[in-house]
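Presented below is the structure to which this report refers.
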Amino acid sequence: MTHYDSFGNSYLTHEPRPHSEDDRTWAMLAHLSAVIAWVVSAGWISFVGPFLVWFLKKDNPYVRRAAAQSFNFNLGMWALSLAGWILTITLILAPIGLPMVFLSFVLTLWHHIKATMAASDNRLYHYPYQIKVLS
């Protein structure tokens, strides 16, 4: 069954079958690795963690979907952050660029925390703003 939160984001309230603790841990790692990489690299390599999880666990449908969605979302946030940094470097457009970088950080943090909580509850989180590359 699909539900919608107060921001209009949809999420499944349950998966067809319960997943093992190991599956949930890998799914949570796919979401949290992006936040850790974002903080360490200022947003430059936030998609690497989810890609590694996807690559290592692509035979597991639940973990693969979680990692692919995290990767796809991070690709969009990376593009927003890159545009913000480019505008910031020009100095004249820094008042536009810095809020874009800040917005990409806030959106990344917000949605990854929600996704990690969903994964811990055995649910698959559907990110908004995805550039669909992995599936």
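Chains: A, B, ... in order of the structure tokens. Residues: from 1 per chain. Ligands: from 1, in order shown.
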
**Which of chain A fall in helix (DSSP H, G or I), as a PyMOL selection string** = chain A and resi 21-41+48-56+61-89+94-120

Residues of range 7-66 of chain A at most 9 Å from range 96-119 of chain A: nearest atom pair and distance in Å, only C-alpha atoms, as CSV:
```
residue,atom,partner,partner_atom,distance
A:Tyr11,CA,A:Ala118,CA,8.6
A:Thr13,CA,A:Ala118,CA,8.8
A:Arg24,CA,A:Ala119,CA,5.8
A:Thr25,CA,A:Ala119,CA,8.0
A:Ala27,CA,A:Ala119,CA,6.1
A:Met28,CA,A:Thr116,CA,5.0
A:Leu29,CA,A:Thr116,CA,8.0
A:Ala30,CA,A:Thr116,CA,8.5
A:His31,CA,A:His112,CA,5.5
A:Leu32,CA,A:His112,CA,6.6
A:Ala34,CA,A:His112,CA,7.8
A:Val35,CA,A:Leu109,CA,6.3
A:Trp38,CA,A:Phe105,CA,7.8
A:Val39,CA,A:Phe105,CA,8.6
A:Ala42,CA,A:Phe105,CA,8.6
A:Gly43,CA,A:Phe105,CA,7.6
A:Ala66,CA,A:Ala119,CA,8.2
```

**Request:** Name the closest residue to Val63 in chain A among the candidates A:His126, A:Leu134, A:Trp44, A:Asp23; distances are taken between atoms, counting only C-alpha atoms.
**Result:**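 Comparing A:His126, A:Leu134, A:Trp44, A:Asp23 against Val63 in chain A, the winner is A:Asp23.
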
**Request:** Give me, please, the distance in Å between CA of Met77 in chain A and CA of Ser46 in chain A, quoted to one decimal.
**Result:**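 Between these atoms lies a distance of 8.8 Å.
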
**Asked** So which one's closest to Ser33 in chain A, A:Leu87, A:Leu93, A:Ala67, A:Leu56? Using only C-alpha atoms, please.
**Response**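 Ranking A:Leu87, A:Leu93, A:Ala67, A:Leu56 by distance to Ser33 in chain A, first place goes to A:Ala67.
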
**Request:** Extract, using only C-alpha atoms, all DNA, RNA and protein residues at most 8 Å from Arg65 in chain A, discarding same-chain residues fewer than 3 positions from it, and format them as a list in words.
**Result:** Pro61, Tyr62, Ala68, Gln69, Leu124 and Ser135 of chain A

Name all residues at most 12 Å from Val133 in chain A (count only C-alpha atoms; drop same-chain ones fewer than 3 positions away) and give them as a PDB file with N, CA and C atoms, in the first residue's frame.
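Output file out.pdb is given in full below:
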```pdb
ATOM      1  N   PHE A  47      27.681  10.076  -4.138  1.00  0.00           N
ATOM      2  CA  PHE A  47      27.060   8.960  -4.853  1.00  0.00           C
ATOM      3  C   PHE A  47      27.917   7.699  -4.849  1.00  0.00           C
ATOM      4  N   PHE A  51      26.643   3.603  -4.785  1.00  0.00           N
ATOM      5  CA  PHE A  51      27.059   2.815  -5.946  1.00  0.00           C
ATOM      6  C   PHE A  51      27.800   1.560  -5.510  1.00  0.00           C
ATOM      7  N   TRP A  54      25.282  -0.875  -4.201  1.00  0.00           N
ATOM      8  CA  TRP A  54      24.555  -1.438  -5.346  1.00  0.00           C
ATOM      9  C   TRP A  54      25.406  -2.478  -6.051  1.00  0.00           C
ATOM     10  N   ARG A  65      17.423  -2.051  -4.949  1.00  0.00           N
ATOM     11  CA  ARG A  65      16.496  -0.928  -5.148  1.00  0.00           C
ATOM     12  C   ARG A  65      16.838   0.232  -4.230  1.00  0.00           C
ATOM     13  N   ALA A  67      19.767   0.980  -2.828  1.00  0.00           N
ATOM     14  CA  ALA A  67      21.032   1.597  -3.238  1.00  0.00           C
ATOM     15  C   ALA A  67      20.873   2.360  -4.550  1.00  0.00           C
ATOM     16  N   ALA A  68      20.115   1.815  -5.490  1.00  0.00           N
ATOM     17  CA  ALA A  68      19.917   2.491  -6.777  1.00  0.00           C
ATOM     18  C   ALA A  68      19.172   3.804  -6.586  1.00  0.00           C
ATOM     19  N   GLN A  69      18.143   3.794  -5.760  1.00  0.00           N
ATOM     20  CA  GLN A  69      17.403   5.039  -5.534  1.00  0.00           C
ATOM     21  C   GLN A  69      18.264   6.065  -4.809  1.00  0.00           C
ATOM     22  N   SER A  70      19.068   5.608  -3.862  1.00  0.00           N
ATOM     23  CA  SER A  70      19.966   6.524  -3.163  1.00  0.00           C
ATOM     24  C   SER A  70      20.988   7.113  -4.137  1.00  0.00           C
ATOM     25  N   PHE A  71      21.546   6.280  -5.003  1.00  0.00           N
ATOM     26  CA  PHE A  71      22.500   6.751  -6.006  1.00  0.00           C
ATOM     27  C   PHE A  71      21.849   7.770  -6.936  1.00  0.00           C
ATOM     28  N   ASN A  72      20.673   7.440  -7.453  1.00  0.00           N
ATOM     29  CA  ASN A  72      19.983   8.321  -8.397  1.00  0.00           C
ATOM     30  C   ASN A  72      19.644   9.671  -7.761  1.00  0.00           C
ATOM     31  N   PHE A  73      19.196   9.643  -6.519  1.00  0.00           N
ATOM     32  CA  PHE A  73      18.899  10.888  -5.801  1.00  0.00           C
ATOM     33  C   PHE A  73      20.166  11.708  -5.605  1.00  0.00           C
ATOM     34  N   ASN A  74      21.253  11.040  -5.222  1.00  0.00           N
ATOM     35  CA  ASN A  74      22.508  11.748  -4.986  1.00  0.00           C
ATOM     36  C   ASN A  74      23.079  12.338  -6.258  1.00  0.00           C
ATOM     37  N   LEU A  75      22.817  11.727  -7.371  1.00  0.00           N
ATOM     38  CA  LEU A  75      23.260  12.286  -8.642  1.00  0.00           C
ATOM     39  C   LEU A  75      22.574  13.638  -8.889  1.00  0.00           C
ATOM     40  N   GLY A  76      21.284  13.706  -8.602  1.00  0.00           N
ATOM     41  CA  GLY A  76      20.559  14.970  -8.735  1.00  0.00           C
ATOM     42  C   GLY A  76      21.042  16.021  -7.756  1.00  0.00           C
ATOM     43  N   GLN A 130      15.015  12.338  -8.612  1.00  0.00           N
ATOM     44  CA  GLN A 130      15.985  11.338  -9.042  1.00  0.00           C
ATOM     45  C   GLN A 130      16.345  11.502 -10.510  1.00  0.00           C
TER      46      GLN A 130
END
```

**Request:** Would you work out the distance separating CA of Trp85 in chain A from CA of Ile45 in chain A, expressed in Å to one decimal?
**Result:** 14.1 Å

**Message:** Just the number, please: distance in Å from CA of Ala83 in chain A to CA of Ser41 in chain A, one decimal.
**Reply:**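 Here the two named atoms are 15.9 Å from each other.
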